[in-house]
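Next comes entry-v6.txt, a file with compact mmCIF, C-alpha atoms.
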# COMPACT_ATOMS: atom_id res chain seq x y z
CA MET N 749 9.97 80.17 -7.48
CA GLY N 750 9.96 76.58 -6.49
CA ALA N 751 7.17 74.19 -5.61
CA ASP N 752 4.35 74.61 -3.12
CA HIS N 753 3.50 72.01 -0.49
CA THR N 754 0.63 72.87 1.82
CA ARG N 755 1.38 70.24 4.48
CA PRO N 756 4.22 71.50 6.70
CA ALA N 757 7.36 69.41 6.70
CA PRO N 758 7.97 67.35 9.86
CA SER N 759 10.24 69.01 12.35
CA ALA N 760 13.86 67.88 12.31
CA PRO N 761 15.42 66.72 15.59
CA PRO N 762 17.31 69.31 17.65
CA GLY N 763 20.74 67.98 16.63
CA VAL N 764 19.98 68.27 12.92
CA ARG N 765 18.52 71.75 13.39
CA ARG N 766 21.65 72.88 15.21
CA ILE N 767 23.86 71.58 12.38
CA LEU N 768 21.74 73.36 9.77
CA VAL N 769 21.75 76.61 11.73
CA ALA N 770 25.53 76.37 12.21
CA THR N 771 25.89 75.93 8.44
CA VAL N 772 23.31 78.33 7.03
CA VAL N 773 23.69 81.28 9.41
CA PRO N 774 27.43 81.84 8.73
CA LEU N 775 26.75 81.64 4.99
CA PHE N 776 23.98 84.23 5.32
CA VAL N 777 26.20 86.51 7.41
CA ALA N 778 29.03 86.16 4.87
CA THR N 779 26.59 87.07 2.09
CA LEU N 780 25.47 90.19 3.96
CA VAL N 781 29.07 91.25 4.64
CA ALA N 782 30.00 90.76 0.98
CA ALA N 783 26.92 92.70 -0.13
CA LEU N 784 27.78 95.60 2.16
CA ALA N 785 31.38 95.58 0.92
CA LEU N 786 30.29 95.60 -2.73
CA TRP N 787 27.31 97.93 -2.28
CA PRO N 788 27.50 100.86 -4.75
CA TRP N 789 27.30 103.61 -2.15
CA ASP N 790 28.71 106.26 -4.48
CA ALA N 791 27.04 105.07 -7.70
CA PRO N 792 26.26 108.02 -9.98
CA ASP N 793 22.64 109.02 -10.43
CA PRO N 794 21.57 108.01 -13.97
CA ALA N 795 19.35 111.07 -14.20
CA ALA N 796 22.18 113.44 -13.36
CA GLY N 797 23.68 115.03 -16.42
CA SER N 798 21.13 113.43 -18.72
CA ASP N 799 20.48 115.37 -21.91
CA GLU N 800 17.30 113.49 -22.79
CA PRO N 801 14.64 115.77 -24.36
CA PRO N 802 11.51 116.47 -22.29
CA ARG N 803 8.76 113.86 -22.65
CA GLN N 804 5.07 114.75 -22.24
CA HIS N 805 1.85 112.77 -22.35
CA GLY N 806 -0.67 113.52 -25.07
CA THR N 807 -3.88 112.29 -26.70
CA VAL N 808 -4.38 112.06 -30.46
CA THR N 809 -7.37 114.15 -31.59
CA ARG N 810 -6.95 114.11 -35.37
CA VAL N 811 -4.97 112.23 -38.02
CA VAL N 812 -4.64 113.53 -41.58
CA THR N 813 -2.77 111.40 -44.14
CA GLU N 814 -1.71 112.55 -47.56
CA PRO N 815 0.39 111.23 -50.45
CA CYS N 816 4.10 111.48 -49.89
CA PRO N 817 5.99 113.85 -52.18
CA PRO N 818 8.09 112.16 -54.84
CA ALA N 819 11.52 111.20 -53.64
CA PRO N 820 14.51 112.77 -55.41
CA GLU N 821 16.30 110.58 -57.90
CA THR N 822 19.61 109.03 -57.03
CA PRO N 823 22.69 109.73 -59.14
CA GLU N 824 22.11 106.41 -60.89
CA GLY N 825 18.73 107.64 -62.08
CA SER N 826 16.44 105.40 -59.99
CA PRO N 827 14.07 107.12 -57.53
CA ASP N 828 14.33 106.24 -53.85
CA ALA N 829 11.45 104.37 -52.28
CA ALA N 830 8.99 106.72 -50.58
CA GLN N 831 9.13 106.59 -46.79
CA GLY N 832 5.44 106.63 -45.90
CA PRO N 833 3.03 107.31 -44.46
CA CYS N 834 2.92 111.09 -44.70
CA GLY N 835 0.62 113.65 -43.12
CA THR N 836 0.03 115.38 -39.80
CA VAL N 837 -1.26 114.34 -36.40
CA THR N 838 -3.01 116.74 -34.02
CA VAL N 839 -2.29 115.97 -30.37
CA ARG N 840 -3.68 117.48 -27.17
CA VAL N 841 -0.85 117.89 -24.66
CA ASP N 842 -1.93 116.46 -21.30
CA ASP N 843 0.89 117.64 -19.03
CA GLY N 844 3.92 119.90 -18.96
CA PRO N 845 4.12 123.63 -19.69
CA ASP N 846 1.90 123.28 -22.79
CA ALA N 847 -0.85 121.25 -21.10
CA GLY N 848 -4.23 121.68 -22.78
CA GLN N 849 -2.81 122.98 -26.06
CA GLN N 850 -3.27 121.35 -29.46
CA VAL N 851 -0.01 120.72 -31.33
CA GLU N 852 0.68 119.27 -34.74
CA THR N 853 3.32 116.64 -35.40
CA PRO N 854 4.26 114.66 -38.50
CA VAL N 855 2.81 111.17 -38.89
CA PRO N 856 5.39 108.73 -37.45
CA ALA N 857 7.26 106.96 -40.26
CA GLY N 858 10.14 104.58 -40.60
CA PRO N 859 10.96 101.12 -39.20
CA GLY N 860 9.31 100.52 -35.84
CA ALA N 861 7.32 103.76 -35.94
CA PRO N 862 4.04 103.61 -33.95
CA THR N 863 0.74 103.54 -35.82
CA VAL N 864 -1.57 106.11 -34.23
CA ALA N 865 -5.32 106.70 -34.39
CA VAL N 866 -7.75 109.18 -32.85
CA GLY N 867 -8.02 108.61 -29.11
CA ASP N 868 -4.61 106.98 -28.69
CA GLU N 869 -2.57 108.06 -25.68
CA ILE N 870 0.99 108.71 -26.80
CA ILE N 871 4.34 110.08 -25.61
CA LEU N 872 5.49 113.40 -27.08
CA VAL N 873 9.16 114.37 -27.28
CA GLU N 874 10.02 118.06 -27.43
CA LEU N 875 12.90 118.66 -29.84
CA THR N 876 14.83 121.93 -29.88
CA ASP N 877 16.33 123.41 -33.01
CA PRO N 878 20.14 123.40 -32.56
CA ALA N 879 20.45 126.58 -34.65
CA ASP N 880 17.82 128.44 -32.61
CA PRO N 881 17.24 127.10 -29.07
CA THR N 882 14.09 129.20 -28.76
CA VAL N 883 12.39 127.19 -31.48
CA SER N 884 11.05 123.73 -30.53
CA ALA N 885 8.68 121.18 -32.01
CA TYR N 886 6.95 118.04 -30.79
CA SER N 887 7.36 114.57 -32.23
CA ILE N 888 5.49 111.34 -31.38
CA SER N 889 7.82 108.86 -29.72
CA GLU N 890 5.65 105.88 -28.72
CA HIS N 891 2.36 104.83 -27.16
CA GLN N 892 1.63 105.15 -23.47
CA ARG N 893 1.70 101.63 -22.03
CA GLY N 894 1.29 102.40 -18.35
CA ALA N 895 -2.42 101.60 -17.96
CA PRO N 896 -2.39 98.24 -19.85
CA LEU N 897 0.70 97.16 -17.95
CA ILE N 898 -0.89 98.05 -14.60
CA TRP N 899 -3.99 96.01 -15.43
CA LEU N 900 -1.88 93.07 -16.56
CA VAL N 901 0.26 93.14 -13.40
CA ALA N 902 -2.90 93.42 -11.26
CA LEU N 903 -4.39 90.36 -13.01
CA PHE N 904 -1.11 88.51 -12.55
CA ALA N 905 -1.01 89.28 -8.82
CA ALA N 906 -4.70 88.49 -8.31
CA ALA N 907 -4.35 85.09 -10.00
CA ILE N 908 -1.34 84.17 -7.85
CA VAL N 909 -3.03 85.21 -4.60
CA ALA N 910 -6.34 83.54 -5.54
CA PHE N 911 -4.62 80.24 -6.27
CA GLY N 912 -1.77 80.29 -3.75
CA ARG N 913 -3.49 82.33 -0.98
CA TRP N 914 -0.95 83.16 1.72
CA ARG N 915 1.76 81.23 -0.07
CA GLY N 916 0.99 83.17 -3.25
CA LEU N 917 1.20 86.44 -1.34
CA ALA N 918 4.58 85.36 0.01
CA ALA N 919 5.69 84.51 -3.54
CA LEU N 920 4.75 88.02 -4.68
CA ALA N 921 6.74 89.48 -1.79
CA GLY N 922 9.71 87.33 -2.80
CA LEU N 923 9.40 88.51 -6.39
CA ALA N 924 9.38 92.13 -5.26
CA ALA N 925 12.47 91.47 -3.11
CA SER N 926 14.26 89.90 -6.10
CA PHE N 927 13.67 92.94 -8.27
CA ALA N 928 14.65 95.27 -5.43
CA ILE N 929 17.99 93.48 -5.02
CA LEU N 930 18.60 93.47 -8.77
CA LEU N 931 17.78 97.18 -9.18
CA THR N 932 19.51 98.48 -6.05
CA PHE N 933 22.56 96.20 -5.78
CA VAL N 934 23.37 94.02 -8.80
CA LEU N 935 22.87 96.47 -11.66
CA PRO N 936 24.27 99.58 -9.90
CA GLY N 937 27.20 97.51 -8.60
CA ILE N 938 28.14 96.34 -12.09
CA SER N 939 27.68 99.87 -13.46
CA ALA N 940 29.98 101.22 -10.72
CA GLY N 941 32.80 98.98 -11.95
CA SER N 942 32.68 96.13 -9.41
CA PRO N 943 33.54 92.61 -10.71
CA PRO N 944 30.31 91.44 -12.39
CA LEU N 945 30.77 87.76 -11.50
CA LEU N 946 31.33 88.48 -7.80
CA VAL N 947 28.39 90.91 -7.70
CA ALA N 948 26.16 88.37 -9.46
CA VAL N 949 27.08 85.52 -7.08
CA VAL N 950 26.54 87.68 -3.98
CA GLY N 951 23.31 89.14 -5.37
CA ALA N 952 22.00 85.71 -6.38
CA ALA N 953 22.81 84.33 -2.92
CA LEU N 954 21.03 87.27 -1.28
CA ILE N 955 17.98 86.75 -3.49
CA MET N 956 18.04 83.03 -2.70
CA PHE N 957 18.08 83.52 1.08
CA VAL N 958 15.29 86.10 1.04
CA VAL N 959 13.02 84.41 -1.49
CA LEU N 960 13.28 80.80 -0.30
CA TYR N 961 12.79 81.51 3.40
CA LEU N 962 10.09 84.10 2.73
CA THR N 963 8.17 81.83 0.36
CA HIS N 964 8.64 78.40 1.95
CA GLY N 965 9.22 79.22 5.61
CA VAL N 966 12.17 78.75 7.94
CA THR N 967 12.31 74.93 8.00
CA ALA N 968 14.92 72.22 7.66
CA GLN N 969 13.52 71.41 4.22
CA THR N 970 14.05 75.01 3.05
CA SER N 971 17.55 75.05 4.52
CA VAL N 972 18.42 71.95 2.50
CA ALA N 973 17.13 73.69 -0.64
CA VAL N 974 19.22 76.77 0.23
CA LEU N 975 22.40 74.74 0.62
CA GLY N 976 21.74 72.85 -2.61
CA THR N 977 21.06 76.07 -4.51
CA LEU N 978 24.15 77.81 -3.15
CA GLY N 979 26.41 74.88 -3.99
CA SER N 980 25.00 74.67 -7.51
CA LEU N 981 25.45 78.42 -8.03
CA VAL N 982 29.12 78.22 -7.07
CA LEU N 983 29.60 75.25 -9.40
CA THR N 984 27.83 77.13 -12.21
CA GLY N 985 30.16 80.09 -11.73
CA VAL N 986 33.26 77.87 -11.83
CA LEU N 987 32.06 76.02 -14.93
CA GLY N 988 31.14 79.31 -16.63
CA THR N 989 34.58 80.75 -15.96
CA ILE N 990 36.28 77.67 -17.42
CA ALA N 991 33.96 77.46 -20.44
CA THR N 992 34.21 81.14 -21.39
CA ALA N 993 38.01 81.02 -21.05
CA ALA N 994 38.26 77.85 -23.15
CA THR N 995 36.08 79.31 -25.92
CA HIS N 996 37.78 82.75 -25.71
CA LEU N 997 34.49 84.64 -25.35
CA THR N 998 34.87 88.38 -24.97
CA GLY N 999 31.28 89.36 -24.13
CA PHE N 1000 30.92 91.45 -27.30
CA GLY N 1001 28.70 88.86 -28.96
CA SER N 1002 25.54 90.97 -29.02
CA GLU N 1003 24.65 94.44 -30.24
CA ASP N 1004 23.43 95.36 -26.75
CA ALA N 1005 26.83 94.58 -25.25
CA THR N 1006 28.57 96.64 -27.92
CA THR N 1007 26.23 99.58 -27.30
CA LEU N 1008 26.82 99.30 -23.54
CA SER N 1009 30.57 99.44 -24.08
CA MET N 1010 30.12 102.77 -25.86
CA PHE N 1011 28.25 104.32 -22.93
CA GLN N 1012 30.24 102.65 -20.12
CA ALA N 1013 33.71 101.72 -21.26
CA ASP N 1014 34.77 100.46 -17.81
CA VAL N 1015 32.21 97.62 -17.66
CA ASP N 1016 33.76 94.15 -17.88
CA LEU N 1017 31.64 92.53 -20.60
CA HIS N 1018 33.26 89.13 -20.09
CA GLY N 1019 32.29 89.24 -16.43
CA LEU N 1020 28.88 90.54 -17.40
CA LEU N 1021 28.37 87.43 -19.54
CA LEU N 1022 29.20 85.24 -16.52
CA ALA N 1023 26.90 87.31 -14.32
CA GLY N 1024 24.05 86.75 -16.76
CA ILE N 1025 24.60 83.00 -16.57
CA ILE N 1026 24.45 83.09 -12.76
CA ILE N 1027 21.31 85.24 -12.55
CA GLY N 1028 19.59 83.28 -15.32
CA SER N 1029 20.28 79.97 -13.58
CA LEU N 1030 19.00 81.05 -10.18
CA GLY N 1031 15.26 80.81 -10.89
CA VAL N 1032 15.45 77.30 -12.34
CA LEU N 1033 17.83 76.13 -9.58
CA ASP N 1034 15.39 77.30 -6.91
CA ASP N 1035 12.62 75.29 -8.52
CA VAL N 1036 14.70 72.11 -8.76
CA THR N 1037 16.20 72.24 -5.26
CA VAL N 1038 12.90 73.00 -3.53
CA THR N 1039 11.19 70.23 -5.48
CA GLN N 1040 13.89 67.67 -4.64
CA ALA N 1041 13.88 68.54 -0.93
CA ALA N 1042 10.09 68.33 -0.84
CA THR N 1043 10.10 65.04 -2.77
CA VAL N 1044 12.39 63.38 -0.22
CA THR N 1045 10.23 64.68 2.63
CA GLU N 1046 7.01 63.43 1.03
CA LEU N 1047 8.48 60.01 0.24
CA ALA N 1048 9.67 59.61 3.82
CA HIS N 1049 6.25 60.68 5.09
CA ALA N 1050 4.45 58.23 2.79
CA ASN N 1051 6.73 55.28 3.62
CA PRO N 1052 8.72 55.72 6.84
CA GLY N 1053 10.38 52.34 6.25
CA LEU N 1054 12.47 53.60 3.31
CA SER N 1055 16.18 53.67 3.98
CA ARG N 1056 18.45 56.59 3.15
CA GLY N 1057 19.60 54.93 -0.08
CA GLN N 1058 16.04 54.08 -1.12
CA LEU N 1059 14.93 57.66 -0.51
CA TYR N 1060 17.86 58.96 -2.53
CA ARG N 1061 17.20 56.64 -5.48
CA ALA N 1062 13.45 57.26 -5.54
CA ALA N 1063 13.80 61.05 -5.35
CA THR N 1064 16.57 61.00 -7.95
CA ARG N 1065 14.19 59.29 -10.40
CA VAL N 1066 11.80 62.21 -9.91
CA GLY N 1067 14.70 64.61 -10.43
CA ARG N 1068 15.65 62.93 -13.71
CA ALA N 1069 12.14 63.50 -15.08
CA HIS N 1070 12.25 67.10 -13.88
CA ILE N 1071 15.65 67.74 -15.46
CA ALA N 1072 14.60 66.18 -18.76
CA SER N 1073 11.81 68.75 -19.14
CA THR N 1074 13.76 71.67 -17.65
CA VAL N 1075 16.68 71.31 -20.07
CA ASN N 1076 14.31 71.87 -22.97
CA THR N 1077 12.85 74.85 -21.12
CA ILE N 1078 16.26 76.49 -20.71
CA VAL N 1079 17.25 76.07 -24.34
CA LEU N 1080 13.89 77.30 -25.65
CA ALA N 1081 13.98 80.30 -23.29
CA TYR N 1082 17.36 81.37 -24.64
CA ALA N 1083 16.25 80.69 -28.23
CA GLY N 1084 13.06 82.71 -27.75
CA ALA N 1085 14.97 85.67 -26.33
CA SER N 1086 17.33 85.60 -29.32
CA LEU N 1087 14.78 84.73 -32.01
CA PRO N 1088 15.30 87.85 -34.20
CA VAL N 1089 19.03 87.25 -34.35
CA LEU N 1090 18.54 83.54 -35.01
CA LEU N 1091 16.26 84.39 -37.92
CA LEU N 1092 18.90 86.77 -39.20
CA LEU N 1093 21.52 84.02 -39.02
CA THR N 1094 19.40 81.69 -41.15
CA ALA N 1095 19.87 84.12 -44.04
CA ASP N 1096 23.63 84.12 -43.54
CA SER N 1097 25.57 82.72 -46.47
CA ARG N 1098 28.41 81.42 -44.32
CA ALA N 1099 28.91 77.75 -43.55
CA VAL N 1100 27.01 76.25 -40.63
CA THR N 1101 30.22 75.58 -38.71
CA GLN N 1102 31.24 79.21 -39.02
CA ILE N 1103 27.83 80.38 -37.79
CA LEU N 1104 27.83 78.01 -34.81
CA THR N 1105 31.32 79.07 -33.75
CA SER N 1106 30.62 82.79 -34.09
CA GLU N 1107 30.80 84.92 -30.95
CA PHE N 1108 27.04 85.31 -30.60
CA LEU N 1109 26.00 81.68 -30.99
CA ALA N 1110 29.04 80.39 -29.10
CA GLN N 1111 28.10 82.42 -26.03
CA GLU N 1112 24.50 81.19 -26.23
CA ILE N 1113 25.72 77.57 -26.43
CA VAL N 1114 28.03 78.14 -23.47
CA ARG N 1115 25.24 79.84 -21.52
CA SER N 1116 22.81 76.96 -22.08
CA ALA N 1117 25.37 74.20 -21.45
CA VAL N 1118 26.76 75.72 -18.24
CA ALA N 1119 23.30 76.43 -16.83
CA THR N 1120 22.22 72.87 -17.59
CA LEU N 1121 25.31 71.37 -15.95
CA GLY N 1122 24.70 73.38 -12.80
CA LEU N 1123 21.07 72.31 -12.87
CA ILE N 1124 21.98 68.63 -13.18
CA ALA N 1125 24.43 68.91 -10.29
CA ALA N 1126 21.69 70.40 -8.10
CA VAL N 1127 19.66 67.17 -8.17
CA PRO N 1128 22.12 64.73 -6.51
CA LEU N 1129 23.47 67.44 -4.22
CA THR N 1130 20.09 68.52 -2.85
CA THR N 1131 18.65 64.99 -2.83
CA GLY N 1132 21.60 63.65 -0.85
CA LEU N 1133 21.39 66.44 1.72
CA ALA N 1134 17.63 65.99 2.05
CA ALA N 1135 17.96 62.21 2.47
CA VAL N 1136 20.54 62.66 5.25
CA VAL N 1137 18.43 65.23 7.09
CA THR N 1138 15.17 63.29 6.69
CA THR N 1139 16.54 59.93 7.81
CA ALA N 1140 18.31 61.54 10.75
CA GLY N 1141 14.98 62.89 11.95
CA ARG N 1142 13.18 59.63 11.26
CA ARG N 1143 15.66 57.47 13.18
CA GLY N 1144 14.89 59.39 16.33
CA GLY N 1145 11.19 58.75 15.80
CA ALA N 1146 11.80 55.09 15.04
CA ALA N 1147 13.82 54.63 18.17
CA ALA N 1148 11.08 56.23 20.19
CA GLY N 1149 8.56 53.96 18.54
CA GLN N 1150 10.66 50.94 19.39
CA GLY N 1151 10.82 52.06 23.00
CA VAL N 1152 7.04 52.24 23.16
CA ALA N 1153 6.68 48.88 21.51
CA ALA N 1154 9.09 47.36 24.01
CA THR N 1155 6.73 48.19 26.86
CA THR N 1156 3.87 46.23 25.25
CA PRO N 1157 3.89 42.49 26.23
CA ALA N 1158 4.51 40.20 23.29
CA PRO N 1159 1.82 37.59 22.52
CA ALA N 1160 2.46 34.01 23.72
CA PRO N 1161 3.98 31.78 21.02
CA ARG N 1162 1.73 29.20 19.40
CA PRO N 1163 2.60 25.56 20.20
CA ALA N 1164 4.32 23.74 17.37
CA ALA N 1165 2.15 21.03 15.76
CA ASP N 1166 3.40 17.51 15.09
CA ARG N 1167 4.45 17.02 11.43
CA SER N 1168 2.53 13.75 10.95
CA GLU N 1169 -0.65 15.28 12.32
CA ALA N 1170 -0.34 18.23 9.97
CA LEU N 1171 0.10 15.99 6.90
CA GLU N 1172 -2.89 13.89 7.89
CA ALA N 1173 -5.03 16.98 8.30
CA LEU N 1174 -4.03 18.35 4.91
CA SER N 1175 -4.67 15.01 3.09
CA GLY N 1176 -8.06 14.36 4.64
CA PRO N 1177 -11.36 15.42 3.01
CA ARG N 1178 -12.59 18.94 3.71
CA ALA N 1179 -16.00 19.63 5.08
CA GLY N 1180 -18.50 20.16 2.27
CA ASP N 1181 -16.37 18.41 -0.39
CA PRO N 1182 -18.20 15.98 -2.73
CA PRO N 1183 -17.64 12.22 -2.34
CA PRO N 1184 -14.54 10.96 -4.15
CA THR N 1185 -14.99 9.42 -7.59
CA ALA N 1186 -13.41 6.26 -8.91
CA ALA N 1187 -9.66 6.35 -9.27
CA GLY N 1188 -8.46 7.62 -12.62
CA ARG N 1189 -11.92 8.94 -13.63
CA TRP N 1190 -13.00 12.53 -14.06
CA PRO N 1191 -16.47 13.49 -12.87
CA ASP N 1192 -19.25 13.29 -15.42
CA ARG N 1193 -19.52 16.54 -17.37
CA ASP N 1194 -23.32 16.33 -17.29
CA SER N 1195 -23.36 16.06 -13.56
CA THR N 1196 -24.90 18.87 -11.58
CA ASP N 1197 -22.30 18.46 -8.86
CA THR N 1198 -21.26 21.88 -7.58
CA ALA N 1199 -17.62 20.88 -7.55
CA TRP N 1200 -17.57 20.67 -11.35
What do you get writing this file as C-alpha cells?
Amino acid sequence: MGADHTRPAPSAPPGVRRILVATVVPLFVATLVAALALWPWDAPDPAAGSDEPPRQHGTVTRVVTEPCPPAPETPEGSPDAAQGPCGTVTVRVDDGPDAGQQVETPVPAGPGAPTVAVGDEIILVELTDPADPTVSAYSISEHQRGAPLIWLVALFAAAIVAFGRWRGLAALAGLAASFAILLTFVLPGISAGSPPLLVAVVGAALIMFVVLYLTHGVTAQTSVAVLGTLGSLVLTGVLGTIATAATHLTGFGSEDATTLSMFQADVDLHGLLLAGIIIGSLGVLDDVTVTQAATVTELAHANPGLSRGQLYRAATRVGRAHIASTVNTIVLAYAGASLPVLLLLTADSRAVTQILTSEFLAQEIVRSAVATLGLIAAVPLTTGLAAVVTTAGRRGGAAAGQGVAATTPAPAPRPAADRSEALEALSGPRAGDPPPTAAGRWPDRDSTDTAW
C-alpha cells in the first residue's frame, strides 16, 4: 500500500519528532488497548460441531457420457428440459480411508457444475444415505485449485520482491500482517457479536500502524501519513453512520447478508455494512496519505525556498490529480464486484428511480460516496500536516545556513557612477560598430556591411 520513495526523507528536528511521538504513541497504545478489550478470546471454533461431509482428493481416470433418459412429462403435457450431461466418471481416490481405490460418480450436472476430463484433480464429497448410514457414495464437488493458486501467489511475490527489493519484501510482510489481523481479530470479533463498526475502526487502525511503519519505516513522513489516515478513517466512519441512517439502510441489501443472518442471527448487519466501508477505504487512504506526505517532502527537497503555503498549494494540485483518478477506481471496483447483480438489474422491469433507490443499489451508492468523501478529506488533512512538519524542519536548517553565511565577509560595495558619465558611455559608438550613415538613410541593401 502506498507509494515507494527510495531516497530517505530528511530527518525532522528534535522538537518536531517529540511532538509526533507524543501524538502517535498514545494513539497506538489506545489502539492496542481497544484491540485487547475487543479481542474474541472465547470465539467458538468454526470447525466444532460442523456437520460438513468428508472431502477427499481424487484424480479423474475415465469419463463416460451417454444420452440422458427422457424427462417425465409435466401435468400440462410438455416434457421438462433434460438436465445434461449424463454418464459416469471414474475417480482414483488419493487420500482418506479409501485411498488408492477407483470409485464411480455421476457426471456433474446443473448450473455451475464443474466440467471434468481425464487427468483432472478434483474434490470428492462422501455422502451418506440418511435411511441407511452404512451406505455412502462419492460425488464430485469441484476442482482442486491449490497448485495453480500457489504458483500464482509465488509469481506475485517474486515480482514484488524483484521490483521493490527490500521495500517489496516489507510490503509482502505488511500484506501478511493485514490478513492476519483480519482473520484473527476483525472477522472473529464481528462473529462473536462485538459492534462491527468499532471492531472495524480498531482493526483498520491496527493494520495502518503495522503496515505503514513496516513498509515505509519509522520516520516523520510516515507519522504524518499515519495521522492523516487515522483522521480520515474516523471521518469516514462518522459520514457512513450519518448516511446509512439518513437512507434507512438495514444491511440486508445482498443475498450474502441475508444468508449470513440465517447462520448467525446475532450479527449486526447494519454495523457490518459500516465495517465494510471502513475496511474498503483503508487501502486507498494509505495510498493517498503516503503519496501526499512524500510529495510535500520531495517538493521541499527540490526547492527549499518554498513557503508553507506554496508547499501546501503545490502538493494539493498533485492530490487533486490523484483523487480524480482514484474516484473512478473506487466506483469501478465496487461495480466490478457487483457485476452479476448489476446485469440482473438491467433486466428489471421496474422504473430506473425504483432500481436506484432499492436497498442493494442504495447501499452501493452510499458505500462509494462515503469512501470518496473520506478520501477527499485525506488530501488537505495530510498535506497540511506534512507542510507544517516539513517547514518546521527546514526553518532550523535555514537559520543554521544564515548563521554560516553571517560569518563570511560581505564583498565591498561598488562605487556609484555619475549619471552623466553613464549616459555618455551608453550613447557613444561601440567598439567594432560600422561608421554611421547619413541621417535619415538606411544602409544600402546591396552592401556587404556585416551590420546589415
* CA of Gly858 (chain N) to CA of Gly835 (chain N), straight-line distance in Å ->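 Computed distance, CA of Gly835 (chain N) to CA of Gly858 (chain N), equals 13.4 Å.
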* **Close residues, Asp790 (chain N) itself excluded, 10 Å, all atoms listed in the file, min 6 positions apart in chain, as a list in words** =>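 That gives Pro936, Gly937 and Ala940 of chain N.
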* Please identify all polymer residues within 12 Å of Thr813 (chain N), counting all atoms listed in the file, omitting same-chain residues fewer than 2 positions from it, and present them as a PyMOL selection string. => chain N and resi 810-811+815-816+832-838+853-857+863-865
* Who sits within 9 Å of region 998-1014 of chain N, only C-alpha atoms, same chain under 4 positions skipped, as a list in words ->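 My list of contacting residues is Ser939, Ala940, Gly941, Thr992, Ala993, His1018, Gly1019, Leu1020, Leu1021, Leu1022, Ser1106, Glu1107, Phe1108, Leu1109, Ala1110 and Gln1111 of chain N.
The space between CA of Thr1064 (chain N) and CA of Val1044 (chain N) spans 9.1 Å.
The gap separating CA of Arg1061 (chain N) from CA of Ala1125 (chain N) is 15.0 Å, in Å to one decimal.
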* Fewer than 6 positions away in the same chain doesn't count, so skip those; otherwise give me all residues within 10 Å of Leu935 (chain N), counting all atoms listed in the file, as number ranges by chain. => N: 788, 929, 944, 947-948, 951
* Asked: Between N:Ala885, N:Ala918, N:Ala953, N:Ala907, which is the closest to Val772 (chain N) once you count only C-alpha atoms?
  ->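 Residue with the minimum atom-to-atom distance to Val772 (chain N): N:Ala953.
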* To do: Would you be able to write out as a list in words which residues have an atom within 9 Å of (21.2, 88.6, -2.3) in the file's coordinates, counting only C-alpha atoms?
  => Thr779, Leu780, Ala783, Ser926, Ile929, Leu930, Phe933, Val934, Ala948, Val949, Val950, Gly951, Ala952, Ala953, Leu954, Ile955, Met956, Phe957 and Val958 of chain N
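Proximity of N:Ala919, N:Val1036, N:Val1114, N:Val1079 to Ala994 (chain N), computed with all atoms listed in the file, is greatest for N:Val1114.
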Could you give me region 884-894 of chain N completed to N, CA, C and O atoms, formatted as a PDB file, in the frame of the given file?
ATOM      1  N   SER N 884      11.186 125.154 -30.861  1.00  0.00           N
ATOM      2  CA  SER N 884      11.050 123.730 -30.530  1.00  0.00           C
ATOM      3  C   SER N 884       9.828 123.165 -31.221  1.00  0.00           C
ATOM      4  O   SER N 884       8.919 123.911 -31.619  1.00  0.00           O
ATOM      5  N   ALA N 885       9.795 121.880 -31.371  1.00  0.00           N
ATOM      6  CA  ALA N 885       8.680 121.180 -32.010  1.00  0.00           C
ATOM      7  C   ALA N 885       8.494 119.837 -31.334  1.00  0.00           C
ATOM      8  O   ALA N 885       9.429 119.267 -30.760  1.00  0.00           O
ATOM      9  N   TYR N 886       7.265 119.328 -31.393  1.00  0.00           N
ATOM     10  CA  TYR N 886       6.950 118.040 -30.790  1.00  0.00           C
ATOM     11  C   TYR N 886       7.002 116.940 -31.845  1.00  0.00           C
ATOM     12  O   TYR N 886       6.701 117.155 -33.031  1.00  0.00           O
ATOM     13  N   SER N 887       7.353 115.747 -31.374  1.00  0.00           N
ATOM     14  CA  SER N 887       7.360 114.570 -32.230  1.00  0.00           C
ATOM     15  C   SER N 887       6.819 113.395 -31.423  1.00  0.00           C
ATOM     16  O   SER N 887       7.069 113.289 -30.213  1.00  0.00           O
ATOM     17  N   ILE N 888       6.061 112.507 -32.073  1.00  0.00           N
ATOM     18  CA  ILE N 888       5.490 111.340 -31.380  1.00  0.00           C
ATOM     19  C   ILE N 888       6.575 110.286 -31.234  1.00  0.00           C
ATOM     20  O   ILE N 888       7.192 109.863 -32.218  1.00  0.00           O
ATOM     21  N   SER N 889       6.800 109.858 -29.997  1.00  0.00           N
ATOM     22  CA  SER N 889       7.820 108.860 -29.720  1.00  0.00           C
ATOM     23  C   SER N 889       7.258 107.437 -29.688  1.00  0.00           C
ATOM     24  O   SER N 889       7.728 106.543 -30.379  1.00  0.00           O
ATOM     25  N   GLU N 890       6.239 107.208 -28.867  1.00  0.00           N
ATOM     26  CA  GLU N 890       5.650 105.880 -28.720  1.00  0.00           C
ATOM     27  C   GLU N 890       4.316 105.999 -28.025  1.00  0.00           C
ATOM     28  O   GLU N 890       3.915 107.094 -27.606  1.00  0.00           O
ATOM     29  N   HIS N 891       3.632 104.861 -27.876  1.00  0.00           N
ATOM     30  CA  HIS N 891       2.360 104.830 -27.160  1.00  0.00           C
ATOM     31  C   HIS N 891       2.600 104.802 -25.657  1.00  0.00           C
ATOM     32  O   HIS N 891       3.625 104.316 -25.181  1.00  0.00           O
ATOM     33  N   GLN N 892       1.624 105.321 -24.915  1.00  0.00           N
ATOM     34  CA  GLN N 892       1.630 105.150 -23.470  1.00  0.00           C
ATOM     35  C   GLN N 892       1.198 103.711 -23.143  1.00  0.00           C
ATOM     36  O   GLN N 892       0.150 103.260 -23.591  1.00  0.00           O
ATOM     37  N   ARG N 893       2.004 103.023 -22.368  1.00  0.00           N
ATOM     38  CA  ARG N 893       1.700 101.630 -22.030  1.00  0.00           C
ATOM     39  C   ARG N 893       1.469 101.430 -20.544  1.00  0.00           C
ATOM     40  O   ARG N 893       1.360 100.291 -20.083  1.00  0.00           O
ATOM     41  N   GLY N 894       1.409 102.522 -19.796  1.00  0.00           N
ATOM     42  CA  GLY N 894       1.290 102.400 -18.350  1.00  0.00           C
ATOM     43  C   GLY N 894       0.011 101.711 -17.912  1.00  0.00           C
ATOM     44  O   GLY N 894       0.045 100.762 -17.118  1.00  0.00           O
TER      45      GLY N 894
END
